[in-house]
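**Q** Handing over target_27.cif, mmCIF, C-alpha atoms.
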```
data_start
loop_
_atom_site.group_PDB
_atom_site.id
_atom_site.type_symbol
_atom_site.label_atom_id
_atom_site.label_comp_id
_atom_site.auth_asym_id
_atom_site.auth_seq_id
_atom_site.Cartn_x
_atom_site.Cartn_y
_atom_site.Cartn_z
ATOM 1 C CA MET A 1 73.628 -61.041 -52.247
ATOM 2 C CA LYS A 2 75.082 -57.596 -52.960
ATOM 3 C CA LEU A 3 73.149 -57.473 -56.220
ATOM 4 C CA PHE A 4 69.952 -58.331 -54.359
ATOM 5 C CA ILE A 5 70.540 -55.497 -51.860
ATOM 6 C CA VAL A 6 71.280 -53.011 -54.666
ATOM 7 C CA VAL A 7 68.130 -54.052 -56.551
ATOM 8 C CA LEU A 8 66.098 -53.822 -53.339
ATOM 9 C CA LEU A 9 67.420 -50.320 -52.581
ATOM 10 C CA LEU A 10 66.756 -49.140 -56.143
ATOM 11 C CA SER A 11 63.261 -50.543 -55.960
ATOM 12 C CA VAL A 12 62.563 -48.771 -52.660
ATOM 13 C CA CYS A 13 63.939 -45.496 -54.059
ATOM 14 C CA ALA A 14 61.814 -45.863 -57.189
ATOM 15 C CA SER A 15 58.701 -46.539 -55.094
ATOM 16 C CA ILE A 16 59.327 -43.477 -52.934
ATOM 17 C CA SER A 17 59.959 -41.366 -56.027
ATOM 18 C CA TYR A 18 56.792 -42.683 -57.713
ATOM 19 C CA GLY A 19 54.777 -42.054 -54.536
ATOM 20 C CA GLN A 20 56.062 -38.479 -54.433
ATOM 21 C CA LYS A 21 55.131 -37.997 -58.097
ATOM 22 C CA LEU A 22 51.595 -39.228 -57.345
ATOM 23 C CA LYS A 23 51.368 -36.858 -54.366
ATOM 24 C CA ASN A 24 52.542 -33.990 -56.568
ATOM 25 C CA LEU A 25 50.003 -35.049 -59.193
ATOM 26 C CA ASP A 26 47.243 -35.037 -56.581
ATOM 27 C CA ASP A 27 48.348 -31.581 -55.460
ATOM 28 C CA SER A 28 48.359 -30.445 -59.088
ATOM 29 C CA ILE A 29 44.859 -31.795 -59.692
ATOM 30 C CA GLN A 30 43.599 -30.181 -56.480
ATOM 31 C CA SER A 31 45.146 -26.899 -57.626
ATOM 32 C CA GLU A 32 43.376 -27.183 -61.005
ATOM 33 C CA VAL A 33 40.094 -27.873 -59.227
ATOM 34 C CA GLY A 34 40.591 -24.882 -56.959
ATOM 35 C CA LYS A 35 41.044 -22.624 -59.970
ATOM 36 C CA LYS A 36 37.880 -23.933 -61.659
ATOM 37 C CA ILE A 37 35.552 -23.756 -58.642
ATOM 38 C CA PRO A 38 34.710 -20.030 -58.987
ATOM 39 C CA GLN A 39 33.606 -20.653 -62.593
ATOM 40 C CA VAL A 40 31.441 -23.623 -61.612
ATOM 41 C CA LYS A 41 29.885 -21.692 -58.733
ATOM 42 C CA ALA A 42 29.225 -18.621 -60.904
ATOM 43 C CA TYR A 43 27.636 -20.751 -63.611
ATOM 44 C CA ILE A 44 25.314 -22.575 -61.206
ATOM 45 C CA GLU A 45 24.324 -19.364 -59.456
ATOM 46 C CA SER A 46 23.589 -17.688 -62.812
ATOM 47 C CA ILE A 47 20.809 -20.208 -63.485
ATOM 48 C CA GLU A 48 17.356 -18.950 -62.559
ATOM 49 C CA MET A 49 16.200 -20.720 -59.403
ATOM 50 C CA ASP A 50 14.824 -20.075 -55.944
ATOM 51 C CA PRO A 51 17.252 -17.566 -54.361
ATOM 52 C CA GLY A 52 17.140 -19.496 -51.091
ATOM 53 C CA LEU A 53 18.472 -22.587 -52.841
ATOM 54 C CA LYS A 54 21.299 -21.003 -54.861
ATOM 55 C CA SER A 55 23.935 -21.541 -52.204
ATOM 56 C CA VAL A 56 22.806 -25.133 -51.581
ATOM 57 C CA GLU A 57 22.708 -25.948 -55.305
ATOM 58 C CA SER A 58 26.102 -24.352 -55.937
ATOM 59 C CA ALA A 59 27.665 -26.124 -52.924
ATOM 60 C CA PHE A 60 26.427 -29.485 -54.226
ATOM 61 C CA ALA A 61 27.629 -28.666 -57.743
ATOM 62 C CA VAL A 62 31.068 -27.729 -56.413
ATOM 63 C CA ASP A 63 31.287 -30.842 -54.230
ATOM 64 C CA THR A 64 30.366 -33.175 -57.081
ATOM 65 C CA PHE A 65 32.575 -31.254 -59.532
ATOM 66 C CA LYS A 66 35.604 -31.768 -57.277
ATOM 67 C CA ILE A 67 34.974 -35.510 -57.124
ATOM 68 C CA GLU A 68 34.255 -36.002 -60.821
ATOM 69 C CA TYR A 69 37.112 -33.775 -61.996
ATOM 70 C CA TYR A 70 39.584 -35.611 -59.784
ATOM 71 C CA GLN A 71 38.330 -38.946 -61.085
ATOM 72 C CA ARG A 72 38.544 -37.887 -64.724
ATOM 73 C CA ARG A 73 42.009 -36.345 -64.453
ATOM 74 C CA LYS A 74 43.538 -39.115 -62.383
ATOM 75 C CA ALA A 75 42.073 -41.872 -64.561
ATOM 76 C CA ASN A 76 43.292 -40.195 -67.757
ATOM 77 C CA LEU A 77 46.840 -39.825 -66.450
ATOM 78 C CA HIS A 78 47.272 -43.326 -65.040
ATOM 79 C CA SER A 79 45.447 -46.217 -66.600
ATOM 80 C CA THR A 80 46.747 -49.041 -64.415
ATOM 81 C CA PHE A 81 44.297 -51.206 -62.516
ATOM 82 C CA GLY A 82 45.818 -50.188 -59.185
ATOM 83 C CA THR A 83 45.311 -46.510 -59.937
ATOM 84 C CA TYR A 84 41.803 -47.128 -61.237
ATOM 85 C CA ALA A 85 40.929 -49.048 -58.085
ATOM 86 C CA SER A 86 42.328 -46.404 -55.743
ATOM 87 C CA VAL A 87 40.620 -43.577 -57.637
ATOM 88 C CA THR A 88 37.312 -45.454 -57.629
ATOM 89 C CA LYS A 89 37.608 -46.099 -53.887
ATOM 90 C CA TYR A 90 38.451 -42.419 -53.312
ATOM 91 C CA VAL A 91 35.444 -41.292 -55.384
ATOM 92 C CA THR A 92 33.163 -43.725 -53.535
ATOM 93 C CA ASP A 93 34.464 -42.434 -50.181
ATOM 94 C CA GLN A 94 33.830 -38.845 -51.263
ATOM 95 C CA TYR A 95 30.269 -39.642 -52.304
ATOM 96 C CA ARG A 96 29.788 -41.486 -49.000
ATOM 97 C CA ILE A 97 30.798 -38.237 -47.251
ATOM 98 C CA LEU A 98 28.192 -36.329 -49.321
ATOM 99 C CA LEU A 99 25.597 -39.005 -48.580
ATOM 100 C CA ASN A 100 26.170 -38.565 -44.844
ATOM 101 C CA LYS A 101 26.247 -34.769 -45.138
ATOM 102 C CA TYR A 102 22.882 -34.577 -46.878
ATOM 103 C CA TYR A 103 21.323 -37.197 -44.641
ATOM 104 C CA LEU A 104 22.202 -35.045 -41.624
ATOM 105 C CA LEU A 105 20.955 -31.886 -43.362
ATOM 106 C CA VAL A 106 17.671 -33.584 -44.279
ATOM 107 C CA MET A 107 17.212 -34.752 -40.698
ATOM 108 C CA LYS A 108 17.805 -31.207 -39.395
ATOM 109 C CA ILE A 109 14.949 -29.682 -41.388
ATOM 110 C CA ALA A 110 12.488 -32.581 -41.472
ATOM 111 C CA THR A 111 9.368 -32.647 -39.317
ATOM 112 C CA PRO A 112 9.192 -35.399 -36.665
ATOM 113 C CA ASP A 113 7.032 -37.579 -38.954
ATOM 114 C CA GLU A 114 9.350 -36.978 -41.910
ATOM 115 C CA LYS A 115 12.334 -37.849 -39.717
ATOM 116 C CA LYS A 116 10.790 -41.236 -38.875
ATOM 117 C CA ASN A 117 10.143 -41.971 -42.557
ATOM 118 C CA ILE A 118 13.576 -40.751 -43.685
ATOM 119 C CA SER A 119 15.341 -42.663 -40.931
ATOM 120 C CA ALA A 120 13.455 -45.853 -41.836
ATOM 121 C CA ALA A 121 14.238 -45.317 -45.526
ATOM 122 C CA GLN A 122 17.932 -44.782 -44.743
ATOM 123 C CA GLU A 123 18.088 -47.928 -42.615
ATOM 124 C CA ALA A 124 16.395 -49.893 -45.404
ATOM 125 C CA TRP A 125 18.828 -48.439 -47.924
ATOM 126 C CA GLU A 126 21.834 -49.303 -45.699
ATOM 127 C CA ASP A 127 20.589 -52.901 -45.472
ATOM 128 C CA PHE A 128 20.055 -52.981 -49.228
ATOM 129 C CA GLN A 129 23.500 -51.576 -50.060
ATOM 130 C CA LYS A 130 25.196 -54.123 -47.795
ATOM 131 C CA LYS A 131 23.347 -56.962 -49.540
ATOM 132 C CA GLU A 132 24.015 -55.413 -52.935
ATOM 133 C CA ALA A 133 27.731 -55.125 -52.125
ATOM 134 C CA VAL A 134 27.827 -58.850 -51.356
ATOM 135 C CA SER A 135 25.903 -59.655 -54.538
ATOM 136 C CA LEU A 136 28.150 -57.469 -56.647
ATOM 137 C CA PHE A 137 31.218 -59.072 -55.111
ATOM 138 C CA LYS A 138 29.908 -62.543 -55.948
ATOM 139 C CA ILE A 139 29.311 -61.461 -59.531
ATOM 140 C CA TYR A 140 32.585 -59.611 -60.056
ATOM 141 C CA ARG A 141 35.179 -61.371 -57.879
ATOM 142 C CA LYS A 142 36.771 -63.362 -60.693
ATOM 143 C CA ASN A 143 39.708 -61.137 -61.739
ATOM 144 C CA ASP A 144 41.084 -57.597 -61.709
ATOM 145 C CA ILE A 145 38.888 -56.365 -64.551
ATOM 146 C CA ALA A 146 35.798 -57.835 -62.898
ATOM 147 C CA ASN A 147 36.929 -56.330 -59.590
ATOM 148 C CA SER A 148 37.089 -52.892 -61.223
ATOM 149 C CA ASN A 149 33.501 -53.427 -62.408
ATOM 150 C CA TYR A 150 32.539 -54.270 -58.814
ATOM 151 C CA LEU A 151 34.180 -51.092 -57.551
ATOM 152 C CA ARG A 152 32.468 -49.000 -60.207
ATOM 153 C CA ALA A 153 29.046 -50.584 -59.568
ATOM 154 C CA TYR A 154 29.342 -50.142 -55.799
ATOM 155 C CA GLY A 155 30.536 -46.558 -56.223
ATOM 156 C CA LEU A 156 27.557 -45.802 -58.448
ATOM 157 C CA LEU A 157 25.254 -47.180 -55.760
ATOM 158 C CA ILE A 158 26.705 -44.770 -53.174
ATOM 159 C CA LYS A 159 26.686 -41.843 -55.624
ATOM 160 C CA THR A 160 23.045 -42.452 -56.516
ATOM 161 C CA ARG A 161 21.999 -42.430 -52.852
ATOM 162 C CA ALA A 162 23.948 -39.215 -52.193
ATOM 163 C CA ILE A 163 22.106 -37.542 -55.084
ATOM 164 C CA ALA A 164 18.755 -38.868 -53.831
ATOM 165 C CA LEU A 165 19.387 -37.424 -50.361
ATOM 166 C CA PHE A 166 20.416 -34.102 -51.894
ATOM 167 C CA ASP A 167 17.161 -34.084 -53.913
ATOM 168 C CA CYS A 168 15.218 -34.871 -50.726
ATOM 169 C CA TYR A 169 16.953 -31.974 -48.985
ATOM 170 C CA ILE A 170 16.050 -29.586 -51.804
ATOM 171 C CA GLU A 171 12.448 -30.792 -51.766
ATOM 172 C CA LEU A 172 12.166 -30.211 -48.012
ATOM 173 C CA LYS A 173 13.763 -26.753 -48.329
ATOM 174 C CA GLU A 174 11.228 -25.630 -50.940
#
```
I need this file expressed as structure tokens, please.

**A**
Amino acid sequence: MKLFIVVLLLSVCASISYGQKLKNLDDSIQSEVGKKIPQVKAYIESIEMDPGLKSVESAFAVDTFKIEYYQRRKANLHSTFGTYASVTKYVTDQYRILLNKYYLLVMKIATPDEKKNISAAQEAWEDFQKKEAVSLFKIYRKNDIANSNYLRAYGLLIKTRAIALFDCYIELKE
């Protein structure tokens, strides 16, 4: 019994220590991203484009850079399925935030007729992505590797819609 308690305590301590290392790693990655953002922004804004769109284009570039950089760094440092799954979920959540951000921005500048069409398209897309999520789950639910494919496929679906809404926003701004 004493051995069990000692093993349990060591395991809890190791988990806490590992969790702290992951938090420090996340902080380190966020720090790296913060240092690279001015370069990304300067590069995007150096490209010849409509001056009224530079800030929008650079904001989108920075937002997507943060997500992709985090994904690449975290995945390269920890290649376990659990880490892959949590990183993929995080990336999907971040693209979902961008999707919602650009949907709201599009709706702010759209004409009343455009708003009806965009709203209908978004509702249709929401229905589609729910059905697609179920389909993907049925395809990929067999094991951990298949589950990671499901997460990646679903994340790509969300990312693609976020980019489409950003493109719609740019088109309406022009």

**Q** My list of candidates is A:Arg96, A:Ile37, A:Val91, A:Ser46. Which is closest to Glu68 (chain A) when distances are computed with all atoms listed in the file?

**A**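 Going through A:Arg96, A:Ile37, A:Val91, A:Ser46 one by one, the smallest distance to Glu68 (chain A) is for A:Val91.
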
**Q** Using the chain letters and residue numbers of this document, give as number ranges by chain the residues selected by the PyMOL selection byres ((chain A and resi 58) around 9).

**A** A: 40-45, 53-57, 59-63

**Q** Using the selection just defined, write its residues with C-alpha atoms as an mmCIF file, in the frame of the given file.

**A**
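Once written, out14.cif looks like this:
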```
data_model
loop_
_atom_site.group_PDB
_atom_site.id
_atom_site.type_symbol
_atom_site.label_atom_id
_atom_site.label_comp_id
_atom_site.auth_asym_id
_atom_site.auth_seq_id
_atom_site.Cartn_x
_atom_site.Cartn_y
_atom_site.Cartn_z
ATOM 1 C CA VAL A 40 31.441 -23.623 -61.612
ATOM 2 C CA LYS A 41 29.885 -21.692 -58.733
ATOM 3 C CA ALA A 42 29.225 -18.621 -60.904
ATOM 4 C CA TYR A 43 27.636 -20.751 -63.611
ATOM 5 C CA ILE A 44 25.314 -22.575 -61.206
ATOM 6 C CA GLU A 45 24.324 -19.364 -59.456
ATOM 7 C CA LEU A 53 18.472 -22.587 -52.841
ATOM 8 C CA LYS A 54 21.299 -21.003 -54.861
ATOM 9 C CA SER A 55 23.935 -21.541 -52.204
ATOM 10 C CA VAL A 56 22.806 -25.133 -51.581
ATOM 11 C CA GLU A 57 22.708 -25.948 -55.305
ATOM 12 C CA ALA A 59 27.665 -26.124 -52.924
ATOM 13 C CA PHE A 60 26.427 -29.485 -54.226
ATOM 14 C CA ALA A 61 27.629 -28.666 -57.743
ATOM 15 C CA VAL A 62 31.068 -27.729 -56.413
ATOM 16 C CA ASP A 63 31.287 -30.842 -54.230
#
```

**Q** Show which residues sit within 8 Å of Leu99 (chain A), as a list in words. Count all atoms listed in the file, and ignore same-chain residues fewer than 5 positions away.

**A**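 Counting only the stated atoms, we get Ile158, Lys159, Arg161, Ala162, Ile163, Leu165 and Phe166 of chain A.
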
**Q** How would you write, as a ChimeraX atom specification, the residues chosen by the PyMOL selection byres ((chain A and resi 89) around 12) on this structure?

**A** /A:67,71,82-88,90-96,147-156,158-159

**Q** With distances taken over all atoms listed in the file, which of A:Phe65, A:Tyr70, A:Trp125, A:Tyr102 is nearest to Tyr169 (chain A)?

**A**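 Under the stated criterion, the closest residue is A:Tyr102.
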
**Q** Kindly give the distance, in Å, that separates CA of Gly34 (chain A) and CA of Lys66 (chain A), rounded to a single decimal.

**A**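 Separation between CA of Gly34 (chain A) and CA of Lys66 (chain A): 8.5 Å.
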
**Q** Hey, can you check how far CA of Ile109 (chain A) sits from CA of Ile97 (chain A)?

**A**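 Here the two named atoms are 18.9 Å from each other.
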
**Q** Find the residue from A:Ala75, A:Leu104, A:Ala110, A:Ile139 that sits nearest to Glu174 (chain A); use all atoms listed in the file when measuring.

**A**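 Closest candidate: A:Ala110.
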
**Q** Mind giving me the straight-line distance from CA of Tyr103 (chain A) to CA of Pro51 (chain A) in Å, one decimal?

**A**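 Computing the Euclidean distance for CA of Tyr103 (chain A) and CA of Pro51 (chain A) yields 22.3 Å.
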
**Q** Could you check which of A:Tyr69, A:Met49, A:Ala124, A:Lys130 is closest to Lys36 (chain A), using only C-alpha atoms?

**A**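 Going through A:Tyr69, A:Met49, A:Ala124, A:Lys130 one by one, the smallest distance to Lys36 (chain A) is for A:Tyr69.
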
**Q** Let me make sure I understand: among A:Ile170, A:Glu126, A:Arg73, A:Ile47, which one has the smallest atom-to-atom distance to Asp27 (chain A) if we use all atoms listed in the file?

**A** A:Arg73

**Q** So which one's closest to Glu171 (chain A), A:Glu123, A:Asp50, A:Glu132, A:Asp113? Using only C-alpha atoms, please.

**A**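 Answer, going by the shortest atom-to-atom distance: A:Asp50.
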